[in-house]
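This is query.pdb (PDB, C-alpha atoms, pLDDT in the B column).
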```
ATOM      1  CA  MET P   1      -3.030 -16.722   6.649  1.00 80.00           C
ATOM      2  CA  LYS P   2      -4.238 -15.102   3.419  1.00 84.00           C
ATOM      3  CA  HIS P   3      -1.955 -13.359   0.914  1.00 91.00           C
ATOM      4  CA  LEU P   4      -3.011 -10.801  -1.701  1.00 89.00           C
ATOM      5  CA  ARG P   5      -0.487  -9.649  -4.331  1.00 97.00           C
ATOM      6  CA  THR P   6      -0.717  -7.309  -7.304  1.00 97.00           C
ATOM      7  CA  GLU P   7       1.890  -5.811  -9.607  1.00 98.00           C
ATOM      8  CA  ILE P   8       2.292  -3.336 -12.437  1.00 98.00           C
ATOM      9  CA  SER P   9       5.126  -2.225 -14.703  1.00 98.00           C
ATOM     10  CA  ILE P  10       6.027   1.466 -14.442  1.00 98.00           C
ATOM     11  CA  ASP P  11       8.225   3.308 -16.944  1.00 97.00           C
ATOM     12  CA  ALA P  12      10.274   5.254 -14.407  1.00 97.00           C
ATOM     13  CA  SER P  13      13.197   4.862 -12.057  1.00 96.00           C
ATOM     14  CA  ALA P  14      12.886   3.343  -8.599  1.00 97.00           C
ATOM     15  CA  GLU P  15      13.701   6.782  -7.161  1.00 97.00           C
ATOM     16  CA  GLN P  16      10.778   8.380  -9.002  1.00 97.00           C
ATOM     17  CA  VAL P  17       8.333   5.725  -7.800  1.00 98.00           C
ATOM     18  CA  TRP P  18       9.651   5.942  -4.230  1.00 98.00           C
ATOM     19  CA  GLY P  19       9.287   9.721  -4.274  1.00 98.00           C
ATOM     20  CA  VAL P  20       5.579   9.564  -5.108  1.00 98.00           C
ATOM     21  CA  LEU P  21       4.921   6.556  -2.846  1.00 98.00           C
ATOM     22  CA  THR P  22       6.413   8.231   0.222  1.00 98.00           C
ATOM     23  CA  ASP P  23       4.906  11.701  -0.351  1.00 97.00           C
ATOM     24  CA  LEU P  24       2.020  10.820   1.954  1.00 97.00           C
ATOM     25  CA  GLU P  25       0.569  14.319   2.156  1.00 96.00           C
ATOM     26  CA  ARG P  26      -0.189  14.273  -1.599  1.00 97.00           C
ATOM     27  CA  PHE P  27      -2.009  10.905  -1.655  1.00 97.00           C
ATOM     28  CA  SER P  28      -5.366  12.705  -1.754  1.00 96.00           C
ATOM     29  CA  GLU P  29      -4.368  14.212  -5.126  1.00 97.00           C
ATOM     30  CA  TRP P  30      -3.996  10.892  -6.937  1.00 98.00           C
ATOM     31  CA  ASN P  31      -4.655   7.812  -4.814  1.00 98.00           C
ATOM     32  CA  PRO P  32      -8.181   6.344  -5.081  1.00 97.00           C
ATOM     33  CA  PHE P  33      -7.492   3.593  -2.508  1.00 97.00           C
ATOM     34  CA  ILE P  34      -5.427   5.219   0.258  1.00 97.00           C
ATOM     35  CA  THR P  35      -7.208   8.539   0.158  1.00 96.00           C
ATOM     36  CA  ARG P  36      -5.314  10.145   3.047  1.00 96.00           C
ATOM     37  CA  ALA P  37      -2.049   9.326   4.749  1.00 97.00           C
ATOM     38  CA  SER P  38       0.221  11.070   7.196  1.00 97.00           C
ATOM     39  CA  GLY P  39       3.138  10.329   9.458  1.00 97.00           C
ATOM     40  CA  GLU P  40       6.880  10.035   9.309  1.00 94.00           C
ATOM     41  CA  VAL P  41       8.259   7.506   6.846  1.00 97.00           C
ATOM     42  CA  ARG P  42      10.891   5.839   9.044  1.00 97.00           C
ATOM     43  CA  GLN P  43      11.290   2.370  10.468  1.00 96.00           C
ATOM     44  CA  GLY P  44       9.207   2.109  13.636  1.00 96.00           C
ATOM     45  CA  GLY P  45       7.210   5.198  12.652  1.00 96.00           C
ATOM     46  CA  ARG P  46       3.459   5.321  13.073  1.00 96.00           C
ATOM     47  CA  LEU P  47       1.242   6.315  10.160  1.00 97.00           C
ATOM     48  CA  GLU P  48      -2.370   7.385   9.963  1.00 97.00           C
ATOM     49  CA  ILE P  49      -4.035   5.816   6.914  1.00 95.00           C
ATOM     50  CA  PHE P  50      -7.527   6.203   5.469  1.00 95.00           C
ATOM     51  CA  MET P  51      -8.508   3.598   2.877  1.00 92.00           C
ATOM     52  CA  ALA P  52     -11.548   3.477   0.612  1.00 92.00           C
ATOM     53  CA  PRO P  53     -11.863   0.036  -1.014  1.00 88.00           C
ATOM     54  CA  PRO P  54     -13.995   0.085  -4.191  1.00 90.00           C
ATOM     55  CA  GLY P  55     -17.597  -0.551  -3.200  1.00 87.00           C
ATOM     56  CA  GLY P  56     -16.577  -0.889   0.445  1.00 83.00           C
ATOM     57  CA  LYS P  57     -16.677   1.156   3.581  1.00 85.00           C
ATOM     58  CA  ALA P  58     -13.863   3.670   4.136  1.00 88.00           C
ATOM     59  CA  MET P  59     -11.770   2.970   7.204  1.00 87.00           C
ATOM     60  CA  GLY P  60      -8.902   4.484   9.110  1.00 90.00           C
ATOM     61  CA  PHE P  61      -6.096   2.790  10.996  1.00 89.00           C
ATOM     62  CA  LYS P  62      -2.667   3.511  12.452  1.00 94.00           C
ATOM     63  CA  PRO P  63      -0.081   0.991  11.257  1.00 95.00           C
ATOM     64  CA  THR P  64       3.550   0.817  12.344  1.00 95.00           C
ATOM     65  CA  LEU P  65       6.284   0.876   9.710  1.00 97.00           C
ATOM     66  CA  MET P  66       8.351  -2.312   9.832  1.00 97.00           C
ATOM     67  CA  THR P  67      10.598  -1.752   6.801  1.00 98.00           C
ATOM     68  CA  VAL P  68      11.703   1.464   5.136  1.00 98.00           C
ATOM     69  CA  ASP P  69      14.303   0.597   2.486  1.00 98.00           C
ATOM     70  CA  PRO P  70      14.457   3.637   0.173  1.00 98.00           C
ATOM     71  CA  ASN P  71      13.737   2.920  -3.488  1.00 98.00           C
ATOM     72  CA  ARG P  72      13.043  -0.771  -2.702  1.00 98.00           C
ATOM     73  CA  GLU P  73      10.535  -1.580   0.031  1.00 98.00           C
ATOM     74  CA  LEU P  74       7.969  -0.033   2.346  1.00 98.00           C
ATOM     75  CA  ARG P  75       6.147  -2.360   4.788  1.00 98.00           C
ATOM     76  CA  TRP P  76       3.774  -1.788   7.682  1.00 96.00           C
ATOM     77  CA  VAL P  77       1.703  -3.842  10.071  1.00 94.00           C
ATOM     78  CA  GLY P  78      -1.763  -2.959  11.288  1.00 85.00           C
ATOM     79  CA  VAL P  79      -3.813  -4.635  14.013  1.00 77.00           C
ATOM     80  CA  PHE P  80      -7.576  -4.585  14.571  1.00 71.00           C
ATOM     81  CA  LEU P  81      -8.252  -4.474  18.328  1.00 63.00           C
ATOM     82  CA  HIS P  82      -5.779  -7.291  19.092  1.00 62.00           C
ATOM     83  CA  LYS P  83      -3.267  -9.213  16.961  1.00 72.00           C
ATOM     84  CA  THR P  84      -5.156 -12.476  17.494  1.00 67.00           C
ATOM     85  CA  LEU P  85      -8.336 -10.994  15.961  1.00 69.00           C
ATOM     86  CA  PHE P  86      -7.118  -9.500  12.674  1.00 71.00           C
ATOM     87  CA  THR P  87      -3.748  -8.300  11.418  1.00 79.00           C
ATOM     88  CA  GLY P  88      -2.471  -7.111   8.098  1.00 85.00           C
ATOM     89  CA  GLN P  89       1.123  -6.782   6.955  1.00 92.00           C
ATOM     90  CA  HIS P  90       1.017  -4.493   3.920  1.00 96.00           C
ATOM     91  CA  TYR P  91       3.988  -4.122   1.601  1.00 98.00           C
ATOM     92  CA  PHE P  92       5.133  -2.193  -1.443  1.00 98.00           C
ATOM     93  CA  LEU P  93       8.128  -3.455  -3.442  1.00 98.00           C
ATOM     94  CA  ILE P  94       9.940  -1.593  -6.210  1.00 98.00           C
ATOM     95  CA  GLU P  95      11.881  -4.017  -8.412  1.00 98.00           C
ATOM     96  CA  PRO P  96      14.140  -2.518 -11.109  1.00 95.00           C
ATOM     97  CA  GLN P  97      13.732  -4.208 -14.510  1.00 94.00           C
ATOM     98  CA  ALA P  98      15.541  -1.969 -16.993  1.00 79.00           C
ATOM     99  CA  GLN P  99      17.314   1.380 -16.914  1.00 84.00           C
ATOM    100  CA  CYS P 100      14.081   3.321 -16.483  1.00 90.00           C
ATOM    101  CA  GLN P 101      11.497   0.665 -15.699  1.00 96.00           C
ATOM    102  CA  VAL P 102      10.375  -1.031 -12.500  1.00 98.00           C
ATOM    103  CA  THR P 103       7.849  -3.595 -11.394  1.00 98.00           C
ATOM    104  CA  PHE P 104       5.773  -2.172  -8.563  1.00 98.00           C
ATOM    105  CA  VAL P 105       4.370  -4.865  -6.275  1.00 98.00           C
ATOM    106  CA  GLN P 106       1.693  -4.233  -3.672  1.00 98.00           C
ATOM    107  CA  GLY P 107       0.480  -6.955  -1.372  1.00 97.00           C
ATOM    108  CA  GLU P 108      -0.665  -7.887   2.075  1.00 93.00           C
ATOM    109  CA  TYR P 109      -0.582 -10.870   4.408  1.00 92.00           C
ATOM    110  CA  PHE P 110      -3.686 -11.175   6.577  1.00 86.00           C
ATOM    111  CA  GLY P 111      -4.144 -13.276   9.690  1.00 82.00           C
ATOM    112  CA  GLY P 112      -6.240 -13.662  12.822  1.00 78.00           C
ATOM    113  CA  ILE P 113      -9.334 -15.496  13.942  1.00 68.00           C
ATOM    114  CA  MET P 114     -11.640 -13.025  12.136  1.00 63.00           C
ATOM    115  CA  LEU P 115     -10.051 -13.823   8.754  1.00 62.00           C
ATOM    116  CA  PRO P 116     -12.768 -16.308   7.644  1.00 62.00           C
ATOM    117  CA  LEU P 117     -15.348 -13.518   8.043  1.00 59.00           C
ATOM    118  CA  MET P 118     -13.424 -11.047   5.887  1.00 64.00           C
ATOM    119  CA  GLY P 119     -13.814 -12.585   2.396  1.00 61.00           C
ATOM    120  CA  GLY P 120     -15.865  -9.721   0.951  1.00 63.00           C
ATOM    121  CA  VAL P 121     -13.542  -7.092   2.377  1.00 72.00           C
ATOM    122  CA  LEU P 122     -10.494  -8.860   0.943  1.00 71.00           C
ATOM    123  CA  ARG P 123     -12.019  -9.053  -2.546  1.00 79.00           C
ATOM    124  CA  LYS P 124     -12.622  -5.292  -2.452  1.00 85.00           C
ATOM    125  CA  THR P 125      -9.139  -4.726  -1.056  1.00 88.00           C
ATOM    126  CA  VAL P 126      -7.395  -6.412  -3.993  1.00 90.00           C
ATOM    127  CA  LEU P 127      -9.443  -4.223  -6.354  1.00 93.00           C
ATOM    128  CA  GLY P 128      -8.216  -1.218  -4.382  1.00 95.00           C
ATOM    129  CA  PHE P 129      -4.621  -2.386  -4.785  1.00 96.00           C
ATOM    130  CA  ASP P 130      -5.100  -2.526  -8.558  1.00 97.00           C
ATOM    131  CA  GLU P 131      -6.700   0.931  -8.653  1.00 97.00           C
ATOM    132  CA  MET P 132      -3.848   2.387  -6.631  1.00 98.00           C
ATOM    133  CA  ASN P 133      -1.217   0.659  -8.787  1.00 98.00           C
ATOM    134  CA  HIS P 134      -2.685   2.150 -11.969  1.00 98.00           C
ATOM    135  CA  ALA P 135      -3.021   5.598 -10.388  1.00 98.00           C
ATOM    136  CA  LEU P 136       0.603   5.441  -9.161  1.00 98.00           C
ATOM    137  CA  LYS P 137       1.770   4.460 -12.638  1.00 98.00           C
ATOM    138  CA  ALA P 138      -0.119   7.385 -14.197  1.00 98.00           C
ATOM    139  CA  ARG P 139       1.196   9.839 -11.578  1.00 98.00           C
ATOM    140  CA  VAL P 140       4.825   8.756 -11.850  1.00 98.00           C
ATOM    141  CA  GLU P 141       4.883   8.479 -15.638  1.00 97.00           C
ATOM    142  CA  ALA P 142       3.311  11.963 -15.909  1.00 95.00           C
ATOM    143  CA  GLY P 143       6.271  13.300 -13.951  1.00 85.00           C
ATOM    144  CA  SER P 144       4.400  14.504 -10.853  1.00 60.00           C
TER     145      SER P 144
END
```
Would you mind writing the structure in this file as structure tokens?
Amino acid sequence: MKHLRTEISIDASAEQVWGVLTDLERFSEWNPFITRASGEVRQGGRLEIFMAPPGGKAMGFKPTLMTVDPNRELRWVGVFLHKTLFTGQHYFLIEPQAQCQVTFVQGEYFGGIMLPLMGGVLRKTVLGFDEMNHALKARVEAGS
């Protein structure tokens, strides 16, 4: 199992961050990593996600939402061909710090027998997390 984790401080309320994070149809306006997303944000819901890791190949997948806890946590799981080959459990956490400040955490747990072959992809993925975190911060703090 491999775990990637990034975080950023955002000067906004958890509700503001959640609002931008779950407005999937507008991802293409601001998100450099998850360039397109659609689906219903509800536990058990299926999403359609298109990711473009920096310097990597864009890819699409259809994860299932495991956790939808408004203003706190969004978590999905995606599988490549079969869960024994390659899986990813992606999560977003919104942790209140002060009256109008949160820590936004984005991470993913990866597993499967293909994991040892995915080193380059994972390095690009963590860069994508950072790019998205900074873009989310800019979007939320600008009031969009």
- [ ] Excluding stretch 63-68 of chain P and any residue of its chain fewer than 6 positions from it, enumerate the residues within 12 Å of it, using all atoms listed in the file, and give them as a ChimeraX atom specification.
- [x] /P:18,21-22,37-50,74-80,87-94
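A cut-off of 10 Å from the point (-11.2, 4.6, -8.5), with all atoms listed in the file, picks out the residues Trp30, Asn31, Pro32, Phe33, Ala52, Pro53, Pro54, Gly55, Leu127, Gly128, Asp130, Glu131, Met132, His134 and Ala135 of chain P.
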TODO: May I have the protein, DNA and RNA residues with any atom at most 6 Å from the point (-3.7, -6.8, 0.9), counting all atoms listed in the file, written as an MDAnalysis selection string?
DONE: chainID P and resid 4 107:108
Quick one: 5 Å padding each side, axis-aligned, all listed atoms of stretch 124-136 of chain P - centre and edge lengths in Å to one decimal, as AutoDock Vina command-line options?
```
--center_x -6.0 --center_y -0.4 --center_z -6.5 --size_x 23.2 --size_y 22.0 --size_z 20.9
```
Task: Interatomic distance (Å, one decimal) between atom CA of P:Pro96 and atom CA of P:Asn71 - done: 9.4 Å
TODO: Identify all residues satisfying the PyMOL selection byres ((chain P and resi 1) around 7) in the given file; provide them as a PyMOL selection string.
DONE: chain P and resi 2-3+109-111
TODO: Evaluate the PyMOL selection byres ((chain P and resi 9) around 8) and record the selected residues as a ChimeraX atom specification, following the chain and residue labels used in the document.
DONE: /P:7-8,10-11,101-104,137
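Straight-line separation from atom CA of P:Arg5 to atom CA of P:Gly143: 25.8 Å.
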- [ ] Find the distance between atom CA of P:Val140 and atom CA of P:Gly56 and write it in Å to one decimal.
- [x] 26.5 Å
TODO: Can you turn the PyMOL selection byres ((chain P and resi 25) around 8) into a concrete residue list for this file, as a PyMOL selection string?
DONE: chain P and resi 23-24+26-28+36-38
Task: Among the residues P:Gly19, P:Phe86, P:Ala12, P:Gln99, the one that comes closest to P:Gly112 [using all atoms listed in the file] - done: P:Phe86
